[in-house]
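Below is start.txt, holding compact mmCIF, C-alpha atoms.
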```txt
# COMPACT_ATOMS: atom_id res chain seq x y z
CA MET A 545 11.59 11.20 42.52
CA SER A 546 8.69 9.02 43.71
CA THR A 547 9.11 6.87 46.82
CA ILE A 548 8.65 3.70 44.80
CA LYS A 549 11.29 4.73 42.28
CA SER A 550 13.84 5.51 45.02
CA GLU A 551 13.09 2.23 46.79
CA VAL A 552 13.48 0.23 43.58
CA LEU A 553 16.76 1.98 42.75
CA ALA A 554 18.10 1.51 46.27
CA ALA A 555 17.25 -2.21 46.20
CA ASN A 556 18.83 -2.45 42.76
CA ALA A 557 22.05 -0.76 43.92
CA GLU A 558 22.33 -3.33 46.70
CA TYR A 559 21.67 -6.20 44.27
CA ALA A 560 24.31 -4.90 41.84
CA GLU A 561 26.83 -4.52 44.64
CA ASN A 562 26.58 -8.23 45.39
CA PHE A 563 26.29 -9.32 41.75
CA GLY A 564 29.12 -11.87 42.04
CA ASP A 565 29.75 -14.02 38.98
CA LYS A 566 26.34 -13.48 37.42
CA ALA A 567 28.03 -11.35 34.73
CA ASP A 568 29.13 -14.65 33.17
CA LEU A 569 25.65 -16.09 32.68
CA ALA A 570 24.81 -17.11 29.10
CA LEU A 571 21.74 -15.90 27.23
CA PRO A 572 20.11 -19.35 26.67
CA PRO A 573 18.42 -20.71 29.83
CA ALA A 574 20.88 -23.08 31.53
CA ARG A 575 18.19 -25.54 32.64
CA GLY A 576 16.32 -25.47 29.33
CA PHE A 577 12.77 -24.78 30.40
CA ALA A 578 10.16 -22.02 30.52
CA ILE A 579 7.33 -21.08 32.86
CA LEU A 580 4.17 -19.22 31.79
CA THR A 581 2.45 -17.82 34.86
CA CYS A 582 0.33 -14.95 36.17
CA MET A 583 1.55 -11.40 36.90
CA ASP A 584 -0.05 -11.67 40.38
CA ALA A 585 2.07 -9.91 43.00
CA ARG A 586 1.93 -12.86 45.42
CA LEU A 587 3.68 -15.16 42.95
CA ASP A 588 7.47 -15.30 42.82
CA PRO A 589 8.21 -18.01 40.22
CA ALA A 590 11.95 -17.96 40.98
CA LYS A 591 11.15 -18.77 44.60
CA TYR A 592 8.20 -21.12 44.14
CA ALA A 593 9.97 -23.16 41.44
CA GLY A 594 13.57 -22.84 42.63
CA LEU A 595 15.13 -20.74 39.85
CA ALA A 596 18.51 -19.07 40.04
CA GLU A 597 19.37 -16.29 37.60
CA GLY A 598 20.15 -17.87 34.23
CA ASP A 599 18.02 -20.99 34.72
CA ALA A 600 14.73 -20.56 32.87
CA HIS A 601 12.52 -18.22 30.88
CA VAL A 602 9.61 -16.71 32.80
CA ILE A 603 6.64 -15.31 30.88
CA ARG A 604 3.93 -13.53 32.86
CA ASN A 605 0.66 -11.81 32.02
CA ALA A 606 -2.74 -11.25 33.60
CA GLY A 607 -3.94 -14.80 34.27
CA GLY A 608 -0.89 -16.63 32.92
CA ARG A 609 -2.90 -17.13 29.74
CA ALA A 610 -1.65 -18.67 26.50
CA SER A 611 -2.30 -15.46 24.60
CA ASP A 612 -0.81 -14.89 21.14
CA ASP A 613 1.94 -12.91 22.86
CA ALA A 614 2.72 -15.70 25.32
CA ILE A 615 2.93 -18.14 22.41
CA ARG A 616 5.22 -15.69 20.56
CA SER A 617 7.48 -15.74 23.62
CA LEU A 618 7.37 -19.54 24.04
CA VAL A 619 8.20 -20.14 20.37
CA ILE A 620 11.19 -17.79 20.59
CA SER A 621 12.15 -19.58 23.83
CA HIS A 622 12.36 -22.95 22.08
CA LYS A 623 13.28 -22.08 18.52
CA LEU A 624 16.11 -19.65 19.25
CA LEU A 625 17.04 -20.35 22.87
CA GLY A 626 16.53 -24.08 23.23
CA THR A 627 13.97 -24.59 26.00
CA ASN A 628 12.41 -28.05 25.80
CA GLU A 629 9.87 -28.24 28.62
CA TRP A 630 7.18 -25.74 29.50
CA PHE A 631 5.00 -25.16 32.59
CA VAL A 632 1.67 -23.32 32.56
CA ILE A 633 1.01 -22.20 36.14
CA HIS A 634 -2.19 -20.39 37.17
CA HIS A 635 -3.08 -19.80 40.83
CA THR A 636 -5.90 -19.79 43.35
CA ASP A 637 -7.74 -16.53 44.14
CA CYS A 638 -6.87 -15.09 40.71
CA GLY A 639 -8.22 -11.64 39.81
CA MET A 640 -9.20 -13.00 36.39
CA GLU A 641 -12.03 -14.96 38.04
CA LEU A 642 -13.58 -11.76 39.45
CA PHE A 643 -14.75 -10.06 36.26
CA ASP A 644 -15.43 -10.65 32.58
CA SER A 645 -14.87 -8.74 29.35
CA ASN A 646 -18.31 -7.08 29.47
CA ILE A 647 -17.78 -5.81 33.00
CA MET A 648 -14.32 -4.50 32.12
CA GLY A 649 -15.55 -2.80 28.94
CA ASP A 650 -18.37 -1.09 30.84
CA LEU A 651 -16.12 0.02 33.73
CA LEU A 652 -13.55 1.51 31.33
CA GLU A 653 -16.25 3.24 29.29
CA ASP A 654 -17.15 5.34 32.34
CA SER A 655 -13.67 5.91 33.79
CA LEU A 656 -10.06 4.74 33.55
CA ALA A 657 -9.52 5.21 37.30
CA THR A 658 -9.27 2.22 39.65
CA ALA A 659 -12.64 0.62 40.46
CA THR A 660 -13.56 -1.08 43.73
CA VAL A 661 -15.22 -4.41 44.32
CA ASP A 662 -17.53 -5.72 47.02
CA GLU A 663 -20.25 -8.36 47.28
CA ASN A 664 -22.30 -6.42 44.76
CA GLY A 665 -19.54 -6.49 42.16
CA TRP A 666 -17.30 -3.85 40.65
CA ARG A 667 -18.10 -0.16 40.90
CA ASN A 668 -16.41 2.95 39.54
CA GLN A 669 -15.59 5.63 42.10
CA GLN A 670 -15.36 8.18 39.31
CA THR A 671 -17.50 8.37 36.19
CA GLU A 672 -15.53 10.56 33.85
CA GLY A 673 -12.57 10.20 31.53
CA GLY A 674 -13.45 6.76 30.16
CA SER A 675 -12.88 5.09 26.79
CA THR A 676 -14.86 2.60 24.74
CA ASP A 677 -11.59 1.00 23.54
CA GLY A 678 -11.85 -1.61 26.30
CA LYS A 679 -14.88 -3.10 24.52
CA TYR A 680 -12.67 -4.21 21.63
CA ILE A 681 -10.32 -6.24 23.84
CA ASN A 682 -10.70 -9.83 24.95
CA TRP A 683 -9.56 -9.60 28.57
CA LEU A 684 -9.02 -13.39 28.76
CA THR A 685 -10.88 -13.86 32.04
CA PHE A 686 -12.06 -17.26 33.28
CA LYS A 687 -14.52 -18.76 35.74
CA ASP A 688 -12.97 -22.20 36.31
CA ASN A 689 -9.31 -22.21 37.19
CA ALA A 690 -8.49 -25.83 36.31
CA LYS A 691 -10.41 -25.49 33.04
CA SER A 692 -8.40 -22.38 32.15
CA VAL A 693 -5.15 -24.31 32.63
CA VAL A 694 -6.47 -27.10 30.41
CA GLU A 695 -7.48 -24.60 27.74
CA ASP A 696 -4.11 -22.85 27.81
CA VAL A 697 -2.13 -26.09 27.57
CA GLN A 698 -4.47 -27.17 24.76
CA ARG A 699 -3.89 -23.91 22.90
CA ILE A 700 -0.12 -24.27 23.17
CA ARG A 701 -0.22 -27.96 22.20
CA SER A 702 -2.31 -27.23 19.12
CA SER A 703 -0.16 -24.35 17.83
CA ASN A 704 1.43 -25.13 14.48
CA LEU A 705 4.61 -23.48 15.76
CA VAL A 706 5.06 -25.72 18.81
CA PRO A 707 6.85 -29.03 18.15
CA ASN A 708 5.22 -32.21 19.47
CA ASN A 709 8.27 -33.17 21.51
CA ILE A 710 7.92 -30.36 24.07
CA PRO A 711 5.99 -31.53 27.14
CA VAL A 712 3.66 -28.88 28.57
CA TYR A 713 2.69 -29.30 32.23
CA GLY A 714 -0.38 -27.71 33.82
CA TYR A 715 -0.35 -26.52 37.44
CA ILE A 716 -2.21 -24.31 39.90
CA TYR A 717 -0.18 -22.48 42.56
CA ASP A 718 -2.03 -22.38 45.87
CA CYS A 719 -1.69 -18.86 47.33
CA LYS A 720 -2.61 -20.17 50.80
CA THR A 721 0.12 -22.84 50.96
CA GLY A 722 2.70 -21.97 48.30
CA LYS A 723 2.21 -25.43 46.78
CA LEU A 724 2.08 -26.29 43.08
CA VAL A 725 -0.86 -28.62 42.43
CA GLU A 726 -0.90 -30.43 39.10
CA VAL A 727 -3.92 -30.31 36.78
CA PRO A 728 -3.64 -33.88 35.46
CA GLU A 729 -6.02 -33.31 32.53
CA ALA A 730 -3.83 -30.42 31.33
CA THR A 731 -0.55 -32.33 31.67
CA GLU A 732 -2.16 -35.25 29.81
CA ILE A 733 -3.05 -32.94 26.91
CA GLY A 734 0.44 -31.47 27.03
CA LYS A 735 2.31 -34.75 27.04
CA VAL A 736 4.64 -35.67 24.18
CA MET B 170 8.89 -37.84 35.56
CA SER B 171 11.45 -35.55 33.89
CA THR B 172 14.44 -34.33 35.88
CA ILE B 173 13.30 -30.72 35.52
CA LYS B 174 9.82 -31.54 36.76
CA SER B 175 11.16 -33.36 39.87
CA GLU B 176 13.59 -30.53 40.59
CA VAL B 177 10.84 -27.90 40.30
CA LEU B 178 8.52 -29.91 42.55
CA ALA B 179 11.27 -30.52 45.13
CA ALA B 180 12.13 -26.82 45.22
CA ASN B 181 8.44 -26.00 45.52
CA ALA B 182 7.95 -28.42 48.42
CA GLU B 183 10.77 -26.68 50.27
CA TYR B 184 9.29 -23.24 49.51
CA ALA B 185 5.84 -24.33 50.73
CA GLU B 186 7.31 -25.78 53.92
CA ASN B 187 8.70 -22.36 54.83
CA PHE B 188 5.70 -20.39 53.56
CA GLY B 189 5.26 -18.49 56.84
CA ASP B 190 2.59 -15.79 56.85
CA LYS B 191 2.43 -15.38 53.07
CA ALA B 192 -1.00 -17.04 53.15
CA ASP B 193 -2.32 -13.70 54.42
CA LEU B 194 -1.17 -11.63 51.44
CA ALA B 195 -3.90 -9.65 49.68
CA LEU B 196 -4.60 -9.85 45.94
CA PRO B 197 -3.88 -6.16 45.10
CA PRO B 198 -0.14 -5.34 45.01
CA ALA B 199 0.81 -3.88 48.41
CA ARG B 200 3.28 -1.38 46.95
CA GLY B 201 1.01 -0.31 44.08
CA PHE B 202 3.27 -0.66 41.08
CA ALA B 203 3.96 -2.91 38.10
CA ILE B 204 7.04 -3.93 36.12
CA LEU B 205 7.01 -4.93 32.45
CA THR B 206 10.23 -6.74 31.64
CA CYS B 207 11.80 -9.45 29.48
CA MET B 208 11.40 -13.23 29.97
CA ASP B 209 15.23 -13.55 29.82
CA ALA B 210 16.48 -16.20 32.23
CA ARG B 211 19.20 -13.95 33.67
CA LEU B 212 16.63 -11.43 34.94
CA ASP B 213 15.05 -11.88 38.35
CA PRO B 214 12.84 -8.79 38.78
CA ALA B 215 12.06 -9.63 42.40
CA LYS B 216 15.77 -9.59 43.14
CA TYR B 217 16.90 -6.74 40.89
CA ALA B 218 14.09 -4.44 42.03
CA GLY B 219 13.71 -5.63 45.63
CA LEU B 220 10.22 -7.19 45.56
CA ALA B 221 8.80 -9.38 48.27
CA GLU B 222 5.81 -11.59 47.52
CA GLY B 223 2.70 -9.40 47.41
CA ASP B 224 4.50 -6.19 46.44
CA ALA B 225 4.05 -5.61 42.70
CA HIS B 226 2.74 -7.03 39.44
CA VAL B 227 5.37 -8.45 37.11
CA ILE B 228 4.58 -8.84 33.41
CA ARG B 229 7.15 -10.60 31.23
CA ASN B 230 7.40 -11.52 27.57
CA ALA B 231 10.09 -11.87 24.91
CA GLY B 232 11.74 -8.44 24.92
CA GLY B 233 9.61 -6.85 27.65
CA ARG B 234 7.60 -5.29 24.83
CA ALA B 235 4.42 -3.22 25.20
CA SER B 236 2.44 -5.75 23.17
CA ASP B 237 -1.36 -5.69 23.16
CA ASP B 238 -1.21 -8.45 25.76
CA ALA B 239 1.15 -6.50 28.02
CA ILE B 240 -1.18 -3.49 27.79
CA ARG B 241 -4.14 -5.77 28.60
CA SER B 242 -2.26 -6.82 31.73
CA LEU B 243 -1.22 -3.27 32.70
CA VAL B 244 -4.76 -1.94 32.32
CA ILE B 245 -6.12 -4.74 34.54
CA SER B 246 -3.28 -3.95 36.97
CA HIS B 247 -4.41 -0.33 37.36
CA LYS B 248 -8.14 -0.46 36.74
CA LEU B 249 -8.97 -3.43 38.95
CA LEU B 250 -5.95 -3.79 41.25
CA GLY B 251 -4.84 -0.22 41.81
CA THR B 252 -1.22 0.02 40.58
CA ASN B 253 -0.24 3.65 39.93
CA GLU B 254 3.36 3.55 38.67
CA TRP B 255 4.82 1.37 35.94
CA PHE B 256 8.36 0.44 34.92
CA VAL B 257 9.35 -0.78 31.44
CA ILE B 258 12.67 -2.62 31.83
CA HIS B 259 14.56 -4.08 28.88
CA HIS B 260 18.14 -5.39 29.22
CA THR B 261 21.53 -5.55 27.52
CA ASP B 262 22.44 -8.55 25.34
CA CYS B 263 18.75 -9.24 24.59
CA GLY B 264 17.94 -12.10 22.22
CA MET B 265 15.44 -9.82 20.45
CA GLU B 266 18.36 -7.88 18.95
CA LEU B 267 19.72 -11.03 17.27
CA PHE B 268 17.02 -11.71 14.69
CA ASP B 269 14.06 -10.14 12.92
CA SER B 270 10.61 -11.27 11.83
CA ASN B 271 11.79 -12.32 8.36
CA ILE B 272 14.58 -14.49 9.77
CA MET B 273 12.18 -16.08 12.29
CA GLY B 274 9.53 -16.73 9.62
CA ASP B 275 12.08 -18.39 7.33
CA LEU B 276 13.61 -20.51 10.12
CA LEU B 277 10.20 -21.77 11.25
CA GLU B 278 9.12 -22.49 7.67
CA ASP B 279 11.90 -25.10 7.43
CA SER B 280 11.76 -26.55 10.93
CA LEU B 281 10.30 -25.96 14.39
CA ALA B 282 13.41 -27.41 16.07
CA THR B 283 15.92 -25.17 17.86
CA ALA B 284 18.25 -23.29 15.48
CA THR B 285 21.85 -22.31 16.20
CA VAL B 286 23.56 -18.99 15.74
CA ASP B 287 27.15 -18.00 14.91
CA GLU B 288 28.86 -15.09 13.19
CA ASN B 289 27.07 -16.01 9.94
CA GLY B 290 23.66 -15.77 11.58
CA TRP B 291 20.97 -18.29 12.43
CA ARG B 292 20.92 -21.76 10.89
CA ASN B 293 18.51 -24.68 11.19
CA GLN B 294 20.08 -27.99 12.18
CA GLN B 295 17.05 -29.78 10.80
CA THR B 296 15.03 -28.87 7.73
CA GLU B 297 11.77 -30.72 8.18
CA GLY B 298 8.57 -30.28 10.10
CA GLY B 299 8.25 -26.53 9.65
CA SER B 300 5.24 -24.21 9.40
CA THR B 301 4.58 -21.00 7.49
CA ASP B 302 2.46 -19.72 10.41
CA GLY B 303 5.49 -17.86 11.76
CA LYS B 304 5.31 -15.51 8.76
CA TYR B 305 2.00 -14.09 10.02
CA ILE B 306 3.41 -13.07 13.40
CA ASN B 307 5.15 -9.84 14.32
CA TRP B 308 7.94 -11.12 16.57
CA LEU B 309 8.52 -7.63 18.05
CA THR B 310 12.30 -7.67 17.63
CA PHE B 311 14.44 -4.53 17.81
CA LYS B 312 17.88 -3.29 16.82
CA ASP B 313 18.35 -0.40 19.24
CA ASN B 314 17.71 -1.19 22.87
CA ALA B 315 17.15 2.35 24.18
CA LYS B 316 14.89 3.12 21.21
CA SER B 317 12.81 0.03 21.96
CA VAL B 318 12.28 1.25 25.54
CA VAL B 319 11.23 4.67 24.24
CA GLU B 320 8.80 3.08 21.78
CA ASP B 321 7.27 0.85 24.44
CA VAL B 322 6.78 3.68 26.92
CA GLN B 323 5.34 5.78 24.09
CA ARG B 324 2.89 3.00 23.16
CA ILE B 325 1.72 2.68 26.77
CA ARG B 326 1.50 6.48 27.22
CA SER B 327 -0.61 6.84 24.09
CA SER B 328 -3.08 4.07 24.89
CA ASN B 329 -6.63 5.35 25.34
CA LEU B 330 -6.98 2.94 28.26
CA VAL B 331 -4.04 4.30 30.27
CA PRO B 332 -4.81 7.33 32.46
CA ASN B 333 -2.45 10.30 32.22
CA ASN B 334 -1.66 10.24 35.93
CA ILE B 335 0.34 7.00 35.83
CA PRO B 336 4.07 7.67 35.44
CA VAL B 337 5.86 5.17 33.19
CA TYR B 338 9.63 4.86 33.70
CA GLY B 339 12.01 3.43 31.10
CA TYR B 340 15.09 1.41 32.11
CA ILE B 341 17.68 -0.99 30.75
CA TYR B 342 19.00 -3.71 33.08
CA ASP B 343 22.71 -4.32 32.53
CA CYS B 344 23.33 -8.08 32.51
CA LYS B 345 27.03 -7.51 33.22
CA THR B 346 26.54 -5.45 36.38
CA GLY B 347 22.98 -6.06 37.58
CA LYS B 348 22.34 -2.31 37.44
CA LEU B 349 19.19 -0.56 36.24
CA VAL B 350 20.13 2.30 33.91
CA GLU B 351 17.43 4.85 33.13
CA VAL B 352 16.51 5.78 29.56
CA PRO B 353 15.77 9.49 30.21
CA GLU B 354 13.98 10.02 26.90
CA ALA B 355 11.56 7.20 27.75
CA THR B 356 10.90 8.41 31.30
CA GLU B 357 10.32 11.91 29.89
CA ILE B 358 7.66 10.56 27.52
CA GLY B 359 6.17 8.54 30.37
CA LYS B 360 5.95 11.39 32.85
CA VAL B 361 2.62 12.57 34.21
```
Can you dump the structure from the file as structure tokens?
Amino acid sequence: MSTIKSEVLAANAEYAENFGDKADLALPPARGFAILTCMDARLDPAKYAGLAEGDAHVIRNAGGRASDDAIRSLVISHKLLGTNEWFVIHHTDCGMELFDSNIMGDLLEDSLATATVDENGWRNQQTEGGSTDGKYINWLTFKDNAKSVVEDVQRIRSSNLVPNNIPVYGYIYDCKTGKLVEVPEATEIGKV
Amino acid sequence: MSTIKSEVLAANAEYAENFGDKADLALPPARGFAILTCMDARLDPAKYAGLAEGDAHVIRNAGGRASDDAIRSLVISHKLLGTNEWFVIHHTDCGMELFDSNIMGDLLEDSLATATVDENGWRNQQTEGGSTDGKYINWLTFKDNAKSVVEDVQRIRSSNLVPNNIPVYGYIYDCKTGKLVEVPEATEIGKV
């Protein structure tokens, strides 16, 4: 068994041992809201937003983008499980600002192995075993963080499957301070 | 300001006040792995898998499914940020077992407002303000939890953009005990 797998299972055994009354939690989020945020390892939405188990839906992907799949999740969250307020939370120093779809397509064409980045940009350490499939994917990168929050809130707000009475708030989490900083233009677009 | 918004901001202020040395965390996950799991409110992956901030990527959507968007995120996670082991973790009592795409399409056609469920199935409380757009979406529901984990690991394993040397483990989180239970058939498919 890999080290990571044993560590995860050991941590899980300890968590389960102290599970307490969490077995009684209901499926619908008790506090009736959802957060869409980035997969970034530095972000712990439960900690940065004060969530206990059972409180809120948390949707995460590369960038915290309002992809079709994120909207699928949000619509299920409201329509079947009753959430009524949504947060879109990107963050400073996001990996999605460091490349674009062309760069990613070219890197993957040469090799699937992890690339490295320096002041000259991304570079493959290997140049074999690639695939051109990456050229057919929109990697949903962005250059301007606040603008990306505005665009994501806008995309959610304009979905035909999202009711007008759900407020959508736009924020950027600051990785240097742990603070949530509102993007007023996004929240304005997301207001009810 | 809504109650939820003030509560989230108050919790965040407290988190930021005790931020400690987390400002120094690097962008790439320190422990080199990623978890794909469900948005369900009862799941806290950081707690159930023992993650500190900075440790691992966490990708979440309705069902923890290997959607195109989840694969986009996983490929970024490995190719640009170096993760080398992935977990797919669904859970017991998942909302995705309680409906299917036809039911969701029909419910949304009549109304976008939250529906209710009882032993006779889902029912709209309102029947106005709907959209047929929900009929063009695959909601990625499932009937058999273990099978859904197998299918998701299979989809990741067979992606042309996922290198063969990344092990993919399949698990089900038990909401009654907090325990991670392996789906051996999935892990077998996901082995390197």
- Taking only C-alpha atoms into account, what are the residues of chain B at most 6 Å from chain A, put as a count of residues only? 38
- Message: One decimal, in Å: what's the spacing between CA of Asn271 (chain B) and CA of Asp313 (chain B)?
- Response: 17.4 Å
- Computed interatomic separation between CA of Glu663 (chain A) and CA of Thr685 (chain A) (Å): 18.7 Å
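Between CA of Val632 (chain A) and CA of Ser317 (chain B) there is a distance of 28.0 Å.
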